[in-house]
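Undergrad: Shown below is the structure under consideration.
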Amino acid sequence: MVFLVVEGAKVFGKGRRTLVKEVHAALSQLLVEALRHVRGGYLCRMQEGDLKYMVAFGSARSALEWCLLVQEAALYLNWPDKSFARIPQLRSEYDAEGQLVFRGPRLKMGVCKGVPRTIIPDHLGRADYHGSSINQAARYMDAGAHGGQIACEAELAAAVFSHWAQG
């Protein structure tokens with residue numbers, strides 16, 4: 001399970017409903033496109049006003065690959081730079097060598113492996129997942145990750161890295 005939120009969305013979104021809609025439209029399009037490239041995921045929740053999203057995956061490896069793809073691709077989206085230049089949380093940032101580090105919203109992601117306790121259709125008919133692993137992924141996103149980061153258990157990351165190393 002992956003939880004994703006735009007860092008500082010509540011702060012920069014106040015009084016900027018049009019900007020939040022623009023960010024949501026670009027970001028939701030990116031999330032769906034990334035799901036076309038990393039199979040096995042299901043975008044089950046989108047909260048436009050809060051810029052929060054939940055994506056279920058059949059494997060932890062797919063979840064982490066998708067997160068990495070989204071983080072990287074978000075740098076190159078056609079964000080409305082004119083609007084973003086006035087908002088500190090959305091400005092482009094470069095490292096000492098002039099390499100792009102951040103551009104647009106900073107995405108906080110939390111990933112947790114586990115089987116949901118229950119899956120119930122929500123008011124739109126989408127699956128709504130419940131259980132301790134779901135709650136843990138949300139906690140990783142809220143408390144463990146900062147903008148531009150993916151938080152998960154160390155064992156999960158090590159297992160996926162080991163799989164990648166084996167080719």
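All residue names refer to the structure tokens as shown: chains lettered A, B, ... in order, residues numbered from 1 in each chain, ligands numbered from 1 in order.
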Set the distance at 9 Å and use only C-alpha atoms: which residues neighbour range 153-163 of chain A once local chain neighbours fewer than 5 positions away are removed? I'd like the list as a list in words.
TA: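 Using only C-alpha atoms, the neighbours found are Ala60, Arg61, Leu64, Val111, Cys112, Lys113 and Tyr140 of chain A.
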Undergrad: Please provide as a list in words all residues within 9 Å of Arg39 in chain A, with the sequence filter that same-chain residues fewer than 6 positions apart are discarded (counting only C-alpha atoms).
TA: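 Neighbouring residues, sequence-local ones excluded: Phe57, Gly58, Ser62 and Trp66 of chain A.
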Undergrad: Any chance you could export the current selection's N, CA and C atoms as a PDB file, in the first residue's frame?
TA:
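Just written: again-v6.pdb:
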```pdb
ATOM      1  N   PHE A  57      -1.025  -2.032  -4.256  1.00  0.00           N
ATOM      2  CA  PHE A  57      -0.187  -2.827  -5.156  1.00  0.00           C
ATOM      3  C   PHE A  57      -0.201  -4.279  -4.721  1.00  0.00           C
ATOM      4  N   GLY A  58       0.032  -5.153  -5.687  1.00  0.00           N
ATOM      5  CA  GLY A  58       0.115  -6.582  -5.415  1.00  0.00           C
ATOM      6  C   GLY A  58       1.465  -6.995  -4.854  1.00  0.00           C
ATOM      7  N   SER A  62       6.745  -3.579  -6.728  1.00  0.00           N
ATOM      8  CA  SER A  62       6.015  -2.694  -7.639  1.00  0.00           C
ATOM      9  C   SER A  62       5.687  -1.366  -6.973  1.00  0.00           C
ATOM     10  N   TRP A  66       7.084   2.131  -8.405  1.00  0.00           N
ATOM     11  CA  TRP A  66       6.120   3.160  -8.785  1.00  0.00           C
ATOM     12  C   TRP A  66       6.428   4.468  -8.055  1.00  0.00           C
TER      13      TRP A  66
END
```
Undergrad: Can you tell me, as a list in words, which residues in range 24-112 of chain A count as strand (DSSP E or B) by DSSP?
TA: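 Matching residues, listed in order: Gly41, Tyr42, Leu43, Cys44, Arg45, Met46, Gln47, Lys52, Tyr53, Met54, Val55, Ala56, Phe57, Glu93, Tyr94, Leu100, Val101, Phe102, Leu107, Lys108, Met109, Gly110 and Val111 of chain A.
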Undergrad: Would you mind reading off the distance between CA of Glu65 in chain A and CA of Val38 in chain A, one decimal, in Å?
TA: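 Answer for the CA of Glu65 in chain A to CA of Val38 in chain A separation: 7.1 Å.
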Undergrad: Compare A:Gly98, A:Pro121, A:Gly110, A:Gly131 by their minimum atom-to-atom distance to Gln149 in chain A, counting only C-alpha atoms, and give me the closest one.
TA: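 Counting only C-alpha atoms, the residue closest to Gln149 in chain A is A:Gly110.
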Undergrad: Near Leu100 in chain A, within 10 Å and counting only C-alpha atoms, which residues show up once chain neighbours fewer than 6 positions away are dropped, as a ChimeraX atom specification?
TA: /A:75-76,92-94
Undergrad: Restricting the output to all heavy atoms, write the selected residues as a PDB file, in the first residue's frame.
TA:
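Result file part_31.pdb:
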```
ATOM      1  N   LEU A  75       9.383  15.894 -11.204  1.00  0.00           N
ATOM      2  CA  LEU A  75      10.311  17.005 -11.447  1.00  0.00           C
ATOM      3  C   LEU A  75      10.095  17.634 -12.822  1.00  0.00           C
ATOM      4  O   LEU A  75      10.371  18.809 -13.026  1.00  0.00           O
ATOM      5  CB  LEU A  75      11.764  16.518 -11.371  1.00  0.00           C
ATOM      6  CG  LEU A  75      12.291  16.108 -10.012  1.00  0.00           C
ATOM      7  CD1 LEU A  75      13.672  15.484 -10.166  1.00  0.00           C
ATOM      8  CD2 LEU A  75      12.345  17.290  -9.077  1.00  0.00           C
ATOM      9  N   TYR A  76       9.645  16.840 -13.767  1.00  0.00           N
ATOM     10  CA  TYR A  76       9.612  17.272 -15.158  1.00  0.00           C
ATOM     11  C   TYR A  76       8.206  17.539 -15.694  1.00  0.00           C
ATOM     12  O   TYR A  76       8.046  17.770 -16.889  1.00  0.00           O
ATOM     13  CB  TYR A  76      10.328  16.236 -16.021  1.00  0.00           C
ATOM     14  CG  TYR A  76      11.739  16.034 -15.518  1.00  0.00           C
ATOM     15  CD1 TYR A  76      12.067  14.911 -14.771  1.00  0.00           C
ATOM     16  CD2 TYR A  76      12.711  16.996 -15.735  1.00  0.00           C
ATOM     17  CE1 TYR A  76      13.354  14.740 -14.275  1.00  0.00           C
ATOM     18  CE2 TYR A  76      13.996  16.835 -15.239  1.00  0.00           C
ATOM     19  CZ  TYR A  76      14.309  15.709 -14.515  1.00  0.00           C
ATOM     20  OH  TYR A  76      15.578  15.559 -14.010  1.00  0.00           O
ATOM     21  N   SER A  92      11.388  25.883  -7.602  1.00  0.00           N
ATOM     22  CA  SER A  92      12.449  24.985  -8.067  1.00  0.00           C
ATOM     23  C   SER A  92      13.685  25.200  -7.198  1.00  0.00           C
ATOM     24  O   SER A  92      13.986  26.322  -6.795  1.00  0.00           O
ATOM     25  CB  SER A  92      12.796  25.282  -9.522  1.00  0.00           C
ATOM     26  OG  SER A  92      11.694  25.014 -10.355  1.00  0.00           O
ATOM     27  N   GLU A  93      14.381  24.093  -6.903  1.00  0.00           N
ATOM     28  CA  GLU A  93      15.612  24.160  -6.113  1.00  0.00           C
ATOM     29  C   GLU A  93      16.700  23.365  -6.822  1.00  0.00           C
ATOM     30  O   GLU A  93      16.430  22.331  -7.429  1.00  0.00           O
ATOM     31  CB  GLU A  93      15.391  23.567  -4.718  1.00  0.00           C
ATOM     32  CG  GLU A  93      14.467  24.384  -3.852  1.00  0.00           C
ATOM     33  CD  GLU A  93      14.308  23.795  -2.460  1.00  0.00           C
ATOM     34  OE1 GLU A  93      15.248  23.130  -1.967  1.00  0.00           O
ATOM     35  OE2 GLU A  93      13.249  23.997  -1.869  1.00  0.00           O
ATOM     36  N   TYR A  94      17.935  23.856  -6.701  1.00  0.00           N
ATOM     37  CA  TYR A  94      19.081  23.224  -7.342  1.00  0.00           C
ATOM     38  C   TYR A  94      20.160  22.969  -6.298  1.00  0.00           C
ATOM     39  O   TYR A  94      20.264  23.696  -5.309  1.00  0.00           O
ATOM     40  CB  TYR A  94      19.632  24.135  -8.450  1.00  0.00           C
ATOM     41  CG  TYR A  94      18.613  24.396  -9.529  1.00  0.00           C
ATOM     42  CD1 TYR A  94      17.682  25.426  -9.411  1.00  0.00           C
ATOM     43  CD2 TYR A  94      18.561  23.600 -10.659  1.00  0.00           C
ATOM     44  CE1 TYR A  94      16.733  25.653 -10.400  1.00  0.00           C
ATOM     45  CE2 TYR A  94      17.613  23.816 -11.653  1.00  0.00           C
ATOM     46  CZ  TYR A  94      16.703  24.847 -11.511  1.00  0.00           C
ATOM     47  OH  TYR A  94      15.768  25.057 -12.479  1.00  0.00           O
TER      48      TYR A  94
END
```
Undergrad: What is the distance between CA of Asn135 in chain A and CA of Pro116 in chain A, in Å to one decimal?
TA: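 Atom-to-atom, CA of Asn135 in chain A to CA of Pro116 in chain A, that is 9.7 Å.
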Undergrad: Which polymer residues have any atom within 12 Å of an atom of Ala34 in chain A, counting only C-alpha atoms, with same-chain residues fewer than 4 positions away left out, as a PDB file with all heavy atoms, in the first residue's frame?
TA:
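Result file selection.pdb:
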```pdb
ATOM      1  N   LEU A  27      -0.985  16.061 -11.177  1.00  0.00           N
ATOM      2  CA  LEU A  27      -0.497  14.953 -10.355  1.00  0.00           C
ATOM      3  C   LEU A  27      -1.309  13.683 -10.578  1.00  0.00           C
ATOM      4  O   LEU A  27      -0.729  12.599 -10.736  1.00  0.00           O
ATOM      5  CB  LEU A  27      -0.517  15.349  -8.881  1.00  0.00           C
ATOM      6  CG  LEU A  27       0.181  14.421  -7.913  1.00  0.00           C
ATOM      7  CD1 LEU A  27       1.623  14.145  -8.339  1.00  0.00           C
ATOM      8  CD2 LEU A  27       0.163  15.008  -6.517  1.00  0.00           C
ATOM      9  N   SER A  28      -2.621  13.781 -10.640  1.00  0.00           N
ATOM     10  CA  SER A  28      -3.431  12.576 -10.848  1.00  0.00           C
ATOM     11  C   SER A  28      -3.154  11.974 -12.220  1.00  0.00           C
ATOM     12  O   SER A  28      -3.111  10.747 -12.366  1.00  0.00           O
ATOM     13  CB  SER A  28      -4.919  12.854 -10.644  1.00  0.00           C
ATOM     14  OG  SER A  28      -5.374  13.839 -11.521  1.00  0.00           O
ATOM     15  N   GLN A  29      -2.912  12.810 -13.217  1.00  0.00           N
ATOM     16  CA  GLN A  29      -2.545  12.300 -14.541  1.00  0.00           C
ATOM     17  C   GLN A  29      -1.206  11.562 -14.476  1.00  0.00           C
ATOM     18  O   GLN A  29      -1.051  10.491 -15.062  1.00  0.00           O
ATOM     19  CB  GLN A  29      -2.470  13.448 -15.546  1.00  0.00           C
ATOM     20  CG  GLN A  29      -2.201  13.000 -16.956  1.00  0.00           C
ATOM     21  CD  GLN A  29      -2.214  14.157 -17.942  1.00  0.00           C
ATOM     22  OE1 GLN A  29      -2.451  15.312 -17.593  1.00  0.00           O
ATOM     23  NE2 GLN A  29      -1.955  13.848 -19.189  1.00  0.00           N
ATOM     24  N   LEU A  30      -0.243  12.114 -13.740  1.00  0.00           N
ATOM     25  CA  LEU A  30       1.052  11.454 -13.561  1.00  0.00           C
ATOM     26  C   LEU A  30       0.896  10.114 -12.852  1.00  0.00           C
ATOM     27  O   LEU A  30       1.486   9.112 -13.262  1.00  0.00           O
ATOM     28  CB  LEU A  30       2.009  12.345 -12.771  1.00  0.00           C
ATOM     29  CG  LEU A  30       3.286  11.678 -12.274  1.00  0.00           C
ATOM     30  CD1 LEU A  30       4.146  11.183 -13.435  1.00  0.00           C
ATOM     31  CD2 LEU A  30       4.060  12.627 -11.385  1.00  0.00           C
ATOM     32  N   VAL A  38       4.244   0.720 -14.366  1.00  0.00           N
ATOM     33  CA  VAL A  38       4.519  -0.221 -13.271  1.00  0.00           C
ATOM     34  C   VAL A  38       3.212  -0.943 -12.993  1.00  0.00           C
ATOM     35  O   VAL A  38       2.303  -0.388 -12.390  1.00  0.00           O
ATOM     36  CB  VAL A  38       5.034   0.508 -12.002  1.00  0.00           C
ATOM     37  CG1 VAL A  38       5.280  -0.493 -10.884  1.00  0.00           C
ATOM     38  CG2 VAL A  38       6.286   1.312 -12.303  1.00  0.00           C
ATOM     39  N   ARG A  39       3.131  -2.158 -13.430  1.00  0.00           N
ATOM     40  CA  ARG A  39       1.878  -2.934 -13.366  1.00  0.00           C
ATOM     41  C   ARG A  39       1.564  -3.382 -11.933  1.00  0.00           C
ATOM     42  O   ARG A  39       2.441  -3.484 -11.092  1.00  0.00           O
ATOM     43  CB  ARG A  39       1.992  -4.164 -14.263  1.00  0.00           C
ATOM     44  CG  ARG A  39       2.259  -3.843 -15.701  1.00  0.00           C
ATOM     45  CD  ARG A  39       0.979  -3.628 -16.418  1.00  0.00           C
ATOM     46  NE  ARG A  39       1.241  -3.258 -17.803  1.00  0.00           N
ATOM     47  CZ  ARG A  39       0.357  -2.691 -18.548  1.00  0.00           C
ATOM     48  NH1 ARG A  39      -0.827  -2.436 -18.082  1.00  0.00           N
ATOM     49  NH2 ARG A  39       0.629  -2.371 -19.791  1.00  0.00           N
ATOM     50  N   GLY A  40       0.292  -3.660 -11.733  1.00  0.00           N
ATOM     51  CA  GLY A  40      -0.136  -4.247 -10.471  1.00  0.00           C
ATOM     52  C   GLY A  40      -0.637  -3.263  -9.442  1.00  0.00           C
ATOM     53  O   GLY A  40      -0.849  -3.616  -8.292  1.00  0.00           O
ATOM     54  N   GLY A  41      -0.862  -2.010  -9.848  1.00  0.00           N
ATOM     55  CA  GLY A  41      -1.331  -1.013  -8.901  1.00  0.00           C
ATOM     56  C   GLY A  41      -2.744  -0.558  -9.196  1.00  0.00           C
ATOM     57  O   GLY A  41      -3.248  -0.703 -10.315  1.00  0.00           O
ATOM     58  N   TYR A  42      -3.400  -0.015  -8.185  1.00  0.00           N
ATOM     59  CA  TYR A  42      -4.792   0.425  -8.280  1.00  0.00           C
ATOM     60  C   TYR A  42      -4.935   1.716  -7.488  1.00  0.00           C
ATOM     61  O   TYR A  42      -4.716   1.737  -6.274  1.00  0.00           O
ATOM     62  CB  TYR A  42      -5.697  -0.673  -7.717  1.00  0.00           C
ATOM     63  CG  TYR A  42      -7.146  -0.279  -7.546  1.00  0.00           C
ATOM     64  CD1 TYR A  42      -7.940   0.051  -8.641  1.00  0.00           C
ATOM     65  CD2 TYR A  42      -7.727  -0.260  -6.288  1.00  0.00           C
ATOM     66  CE1 TYR A  42      -9.269   0.405  -8.481  1.00  0.00           C
ATOM     67  CE2 TYR A  42      -9.058   0.083  -6.114  1.00  0.00           C
ATOM     68  CZ  TYR A  42      -9.822   0.414  -7.217  1.00  0.00           C
ATOM     69  OH  TYR A  42     -11.139   0.760  -7.057  1.00  0.00           O
ATOM     70  N   LEU A  43      -5.244   2.799  -8.175  1.00  0.00           N
ATOM     71  CA  LEU A  43      -5.457   4.091  -7.528  1.00  0.00           C
ATOM     72  C   LEU A  43      -6.831   4.069  -6.876  1.00  0.00           C
ATOM     73  O   LEU A  43      -7.852   4.177  -7.547  1.00  0.00           O
ATOM     74  CB  LEU A  43      -5.360   5.214  -8.562  1.00  0.00           C
ATOM     75  CG  LEU A  43      -5.516   6.644  -8.064  1.00  0.00           C
ATOM     76  CD1 LEU A  43      -4.488   6.982  -7.004  1.00  0.00           C
ATOM     77  CD2 LEU A  43      -5.422   7.602  -9.240  1.00  0.00           C
ATOM     78  N   VAL A  55      -2.741   4.252  -3.146  1.00  0.00           N
ATOM     79  CA  VAL A  55      -2.585   3.303  -4.251  1.00  0.00           C
ATOM     80  C   VAL A  55      -2.250   1.940  -3.672  1.00  0.00           C
ATOM     81  O   VAL A  55      -1.332   1.808  -2.856  1.00  0.00           O
ATOM     82  CB  VAL A  55      -1.470   3.752  -5.223  1.00  0.00           C
ATOM     83  CG1 VAL A  55      -1.394   2.824  -6.415  1.00  0.00           C
ATOM     84  CG2 VAL A  55      -1.686   5.188  -5.669  1.00  0.00           C
ATOM     85  N   SER A  62       6.745  -3.579  -6.728  1.00  0.00           N
ATOM     86  CA  SER A  62       6.015  -2.694  -7.639  1.00  0.00           C
ATOM     87  C   SER A  62       5.687  -1.366  -6.973  1.00  0.00           C
ATOM     88  O   SER A  62       5.777  -0.309  -7.612  1.00  0.00           O
ATOM     89  CB  SER A  62       4.723  -3.366  -8.118  1.00  0.00           C
ATOM     90  OG  SER A  62       5.015  -4.472  -8.923  1.00  0.00           O
ATOM     91  N   ALA A  63       5.313  -1.412  -5.713  1.00  0.00           N
ATOM     92  CA  ALA A  63       4.982  -0.184  -4.989  1.00  0.00           C
ATOM     93  C   ALA A  63       6.183   0.753  -4.926  1.00  0.00           C
ATOM     94  O   ALA A  63       6.065   1.958  -5.215  1.00  0.00           O
ATOM     95  CB  ALA A  63       4.488  -0.507  -3.584  1.00  0.00           C
ATOM     96  N   LEU A  64       7.355   0.232  -4.575  1.00  0.00           N
ATOM     97  CA  LEU A  64       8.545   1.076  -4.487  1.00  0.00           C
ATOM     98  C   LEU A  64       8.990   1.557  -5.864  1.00  0.00           C
ATOM     99  O   LEU A  64       9.404   2.718  -6.009  1.00  0.00           O
ATOM    100  CB  LEU A  64       9.681   0.338  -3.782  1.00  0.00           C
ATOM    101  CG  LEU A  64       9.526   0.227  -2.266  1.00  0.00           C
ATOM    102  CD1 LEU A  64      10.662  -0.589  -1.667  1.00  0.00           C
ATOM    103  CD2 LEU A  64       9.467   1.592  -1.609  1.00  0.00           C
ATOM    104  N   GLU A  65       8.923   0.718  -6.862  1.00  0.00           N
ATOM    105  CA  GLU A  65       9.285   1.144  -8.219  1.00  0.00           C
ATOM    106  C   GLU A  65       8.366   2.270  -8.689  1.00  0.00           C
ATOM    107  O   GLU A  65       8.816   3.241  -9.287  1.00  0.00           O
ATOM    108  CB  GLU A  65       9.237  -0.037  -9.189  1.00  0.00           C
ATOM    109  CG  GLU A  65      10.367  -1.006  -8.992  1.00  0.00           C
ATOM    110  CD  GLU A  65      10.278  -2.250  -9.862  1.00  0.00           C
ATOM    111  OE1 GLU A  65       9.255  -2.443 -10.560  1.00  0.00           O
ATOM    112  OE2 GLU A  65      11.238  -3.031  -9.836  1.00  0.00           O
ATOM    113  N   TRP A  66       7.084   2.131  -8.405  1.00  0.00           N
ATOM    114  CA  TRP A  66       6.120   3.160  -8.785  1.00  0.00           C
ATOM    115  C   TRP A  66       6.428   4.468  -8.055  1.00  0.00           C
ATOM    116  O   TRP A  66       6.414   5.541  -8.674  1.00  0.00           O
ATOM    117  CB  TRP A  66       4.705   2.670  -8.471  1.00  0.00           C
ATOM    118  CG  TRP A  66       3.628   3.638  -8.849  1.00  0.00           C
ATOM    119  CD1 TRP A  66       3.049   3.794 -10.071  1.00  0.00           C
ATOM    120  CD2 TRP A  66       3.001   4.582  -7.976  1.00  0.00           C
ATOM    121  NE1 TRP A  66       2.092   4.780 -10.008  1.00  0.00           N
ATOM    122  CE2 TRP A  66       2.049   5.274  -8.744  1.00  0.00           C
ATOM    123  CE3 TRP A  66       3.149   4.899  -6.629  1.00  0.00           C
ATOM    124  CZ2 TRP A  66       1.247   6.275  -8.201  1.00  0.00           C
ATOM    125  CZ3 TRP A  66       2.349   5.892  -6.099  1.00  0.00           C
ATOM    126  CH2 TRP A  66       1.412   6.568  -6.874  1.00  0.00           C
ATOM    127  N   CYS A  67       6.718   4.390  -6.765  1.00  0.00           N
ATOM    128  CA  CYS A  67       7.035   5.594  -5.991  1.00  0.00           C
ATOM    129  C   CYS A  67       8.251   6.318  -6.574  1.00  0.00           C
ATOM    130  O   CYS A  67       8.249   7.542  -6.730  1.00  0.00           O
ATOM    131  CB  CYS A  67       7.301   5.244  -4.529  1.00  0.00           C
ATOM    132  SG  CYS A  67       5.842   4.792  -3.585  1.00  0.00           S
ATOM    133  N   LEU A  68       9.296   5.559  -6.875  1.00  0.00           N
ATOM    134  CA  LEU A  68      10.502   6.162  -7.445  1.00  0.00           C
ATOM    135  C   LEU A  68      10.214   6.818  -8.791  1.00  0.00           C
ATOM    136  O   LEU A  68      10.703   7.917  -9.083  1.00  0.00           O
ATOM    137  CB  LEU A  68      11.607   5.116  -7.569  1.00  0.00           C
ATOM    138  CG  LEU A  68      12.182   4.634  -6.236  1.00  0.00           C
ATOM    139  CD1 LEU A  68      13.017   3.376  -6.441  1.00  0.00           C
ATOM    140  CD2 LEU A  68      12.986   5.741  -5.573  1.00  0.00           C
ATOM    141  N   LEU A  69       9.431   6.143  -9.618  1.00  0.00           N
ATOM    142  CA  LEU A  69       9.059   6.697 -10.919  1.00  0.00           C
ATOM    143  C   LEU A  69       8.291   8.000 -10.749  1.00  0.00           C
ATOM    144  O   LEU A  69       8.578   9.004 -11.421  1.00  0.00           O
ATOM    145  CB  LEU A  69       8.228   5.675 -11.711  1.00  0.00           C
ATOM    146  CG  LEU A  69       7.651   6.161 -13.044  1.00  0.00           C
ATOM    147  CD1 LEU A  69       8.754   6.565 -14.008  1.00  0.00           C
ATOM    148  CD2 LEU A  69       6.770   5.082 -13.651  1.00  0.00           C
ATOM    149  N   VAL A  70       7.320   8.020  -9.858  1.00  0.00           N
ATOM    150  CA  VAL A  70       6.510   9.220  -9.641  1.00  0.00           C
ATOM    151  C   VAL A  70       7.371  10.364  -9.116  1.00  0.00           C
ATOM    152  O   VAL A  70       7.262  11.506  -9.596  1.00  0.00           O
ATOM    153  CB  VAL A  70       5.326   8.920  -8.689  1.00  0.00           C
ATOM    154  CG1 VAL A  70       4.642  10.209  -8.225  1.00  0.00           C
ATOM    155  CG2 VAL A  70       4.315   8.009  -9.371  1.00  0.00           C
ATOM    156  N   GLN A  71       8.245  10.086  -8.151  1.00  0.00           N
ATOM    157  CA  GLN A  71       9.107  11.147  -7.597  1.00  0.00           C
ATOM    158  C   GLN A  71       9.963  11.764  -8.696  1.00  0.00           C
ATOM    159  O   GLN A  71      10.091  12.986  -8.791  1.00  0.00           O
ATOM    160  CB  GLN A  71      10.006  10.598  -6.478  1.00  0.00           C
ATOM    161  CG  GLN A  71       9.289  10.267  -5.201  1.00  0.00           C
ATOM    162  CD  GLN A  71       8.917  11.484  -4.372  1.00  0.00           C
ATOM    163  OE1 GLN A  71       8.985  12.620  -4.790  1.00  0.00           O
ATOM    164  NE2 GLN A  71       8.494  11.232  -3.140  1.00  0.00           N
ATOM    165  N   GLU A  72      10.566  10.934  -9.526  1.00  0.00           N
ATOM    166  CA  GLU A  72      11.435  11.434 -10.596  1.00  0.00           C
ATOM    167  C   GLU A  72      10.632  12.177 -11.661  1.00  0.00           C
ATOM    168  O   GLU A  72      10.999  13.267 -12.083  1.00  0.00           O
ATOM    169  CB  GLU A  72      12.196  10.264 -11.234  1.00  0.00           C
ATOM    170  CG  GLU A  72      13.176  10.665 -12.299  1.00  0.00           C
ATOM    171  CD  GLU A  72      14.427  11.348 -11.784  1.00  0.00           C
ATOM    172  OE1 GLU A  72      14.727  11.240 -10.581  1.00  0.00           O
ATOM    173  OE2 GLU A  72      15.116  11.993 -12.596  1.00  0.00           O
ATOM    174  N   ALA A  73       9.539  11.597 -12.104  1.00  0.00           N
ATOM    175  CA  ALA A  73       8.735  12.206 -13.166  1.00  0.00           C
ATOM    176  C   ALA A  73       8.108  13.526 -12.728  1.00  0.00           C
ATOM    177  O   ALA A  73       7.924  14.435 -13.554  1.00  0.00           O
ATOM    178  CB  ALA A  73       7.654  11.223 -13.627  1.00  0.00           C
ATOM    179  N   ALA A  74       7.804  13.665 -11.445  1.00  0.00           N
ATOM    180  CA  ALA A  74       7.179  14.897 -10.947  1.00  0.00           C
ATOM    181  C   ALA A  74       8.077  16.113 -11.161  1.00  0.00           C
ATOM    182  O   ALA A  74       7.579  17.237 -11.311  1.00  0.00           O
ATOM    183  CB  ALA A  74       6.812  14.744  -9.474  1.00  0.00           C
TER     184      ALA A  74
END
```
Undergrad: Please identify all polymer residues within 8 Å of range 141-143 of chain A, counting only C-alpha atoms, omitting same-chain residues fewer than 4 positions from it, and present them as an MDAnalysis selection string.
TA: chainID A and resid 3:5 108:111 137 150:151
Undergrad: Here is a test: counting only C-alpha atoms, which residue of A:Arg103, A:His146, A:Ala56, A:Lys21 is nearest to Ser133 in chain A?
TA: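 Answer, going by the shortest atom-to-atom distance: A:Ala56.
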Undergrad: List as a PyMOL selection string the protein and nucleic acid residues near Asp50 in chain A, meaning an atom at most 10 Å away when only C-alpha atoms are counted, but skip any in the same chain fewer than 6 places from it.
TA: chain A and resi 5-10+13+20+24
Undergrad: Have a look at A:Ala145, A:Ile87, A:Leu124, A:Cys152 and name the one nearest to Phe12 in chain A; count only C-alpha atoms.
TA: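 So, comparing all the options, the nearest one is A:Ile87.
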Undergrad: DSSP on the backbone: which residues in range 2-167 of chain A end up as alpha helix (DSSP H)? Give the answer as an NGL selection string.
TA: :A and (9-13 or 17-37 or 60-74 or 81-84 or 132-139 or 154-165)
Undergrad: Print the selection's residues with C-alpha atoms to a file, as an mmCIF file, in the first residue's frame.
TA:
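Result saved to result_20.cif:
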```
data_model
loop_
_atom_site.group_PDB
_atom_site.id
_atom_site.type_symbol
_atom_site.label_atom_id
_atom_site.label_comp_id
_atom_site.auth_asym_id
_atom_site.auth_seq_id
_atom_site.Cartn_x
_atom_site.Cartn_y
_atom_site.Cartn_z
ATOM 1 C CA ALA A 9 -0.772 21.424 0.605
ATOM 2 C CA LYS A 10 -3.009 22.762 3.360
ATOM 3 C CA VAL A 11 -0.776 25.814 3.792
ATOM 4 C CA PHE A 12 -0.185 26.793 0.170
ATOM 5 C CA GLY A 13 -3.704 25.708 -0.840
ATOM 6 C CA ARG A 17 -8.447 26.737 -5.076
ATOM 7 C CA THR A 18 -7.532 27.112 -8.755
ATOM 8 C CA LEU A 19 -3.893 26.277 -8.042
ATOM 9 C CA VAL A 20 -4.894 23.186 -6.019
ATOM 10 C CA LYS A 21 -7.065 22.038 -8.928
ATOM 11 C CA GLU A 22 -4.144 22.514 -11.350
ATOM 12 C CA VAL A 23 -1.779 20.569 -9.089
ATOM 13 C CA HIS A 24 -4.352 17.803 -8.612
ATOM 14 C CA ALA A 25 -5.025 17.513 -12.352
ATOM 15 C CA ALA A 26 -1.325 17.259 -13.250
ATOM 16 C CA LEU A 27 -0.497 14.953 -10.355
ATOM 17 C CA SER A 28 -3.431 12.576 -10.848
ATOM 18 C CA GLN A 29 -2.545 12.300 -14.541
ATOM 19 C CA LEU A 30 1.052 11.454 -13.561
ATOM 20 C CA LEU A 31 -0.079 8.833 -11.036
ATOM 21 C CA VAL A 32 -2.279 7.091 -13.593
ATOM 22 C CA GLU A 33 0.412 7.215 -16.279
ATOM 23 C CA ALA A 34 2.951 5.746 -13.844
ATOM 24 C CA LEU A 35 0.499 2.898 -13.157
ATOM 25 C CA ARG A 36 0.620 2.085 -16.873
ATOM 26 C CA HIS A 37 4.395 1.583 -16.611
ATOM 27 C CA ALA A 60 6.100 -4.258 -2.429
ATOM 28 C CA ARG A 61 8.602 -4.198 -5.280
ATOM 29 C CA SER A 62 6.015 -2.694 -7.639
ATOM 30 C CA ALA A 63 4.982 -0.184 -4.989
ATOM 31 C CA LEU A 64 8.545 1.076 -4.487
ATOM 32 C CA GLU A 65 9.285 1.144 -8.219
ATOM 33 C CA TRP A 66 6.120 3.160 -8.785
ATOM 34 C CA CYS A 67 7.035 5.594 -5.991
ATOM 35 C CA LEU A 68 10.502 6.162 -7.445
ATOM 36 C CA LEU A 69 9.059 6.697 -10.919
ATOM 37 C CA VAL A 70 6.510 9.220 -9.641
ATOM 38 C CA GLN A 71 9.107 11.147 -7.597
ATOM 39 C CA GLU A 72 11.435 11.434 -10.596
ATOM 40 C CA ALA A 73 8.735 12.206 -13.166
ATOM 41 C CA ALA A 74 7.179 14.897 -10.947
ATOM 42 C CA ASP A 81 5.970 27.944 -12.733
ATOM 43 C CA LYS A 82 4.569 31.478 -12.693
ATOM 44 C CA SER A 83 2.169 30.558 -9.887
ATOM 45 C CA PHE A 84 4.746 28.404 -8.117
ATOM 46 C CA SER A 132 -2.866 -2.285 10.286
ATOM 47 C CA SER A 133 -0.619 -2.299 7.196
ATOM 48 C CA ILE A 134 -2.796 0.386 5.626
ATOM 49 C CA ASN A 135 -2.579 2.530 8.761
ATOM 50 C CA GLN A 136 1.187 1.973 8.916
ATOM 51 C CA ALA A 137 1.672 3.192 5.323
ATOM 52 C CA ALA A 138 -0.271 6.353 6.212
ATOM 53 C CA ARG A 139 1.893 6.855 9.318
ATOM 54 C CA ALA A 154 14.208 -0.947 6.305
ATOM 55 C CA GLU A 155 13.640 -4.676 5.711
ATOM 56 C CA LEU A 156 11.235 -3.930 2.887
ATOM 57 C CA ALA A 157 13.685 -1.593 1.152
ATOM 58 C CA ALA A 158 16.550 -4.080 1.646
ATOM 59 C CA ALA A 159 14.512 -6.927 0.142
ATOM 60 C CA VAL A 160 13.596 -4.863 -2.916
ATOM 61 C CA PHE A 161 17.188 -3.630 -3.359
ATOM 62 C CA SER A 162 18.410 -7.217 -3.103
ATOM 63 C CA HIS A 163 15.941 -8.277 -5.787
ATOM 64 C CA TRP A 164 17.136 -5.456 -8.062
ATOM 65 C CA ALA A 165 20.783 -6.417 -7.478
#
```
Undergrad: How far is it from CA of Asn78 in chain A to CA of Arg45 in chain A, in Å with one decimal?
TA: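 One can read the CA of Asn78 in chain A to CA of Arg45 in chain A distance as 23.4 Å.
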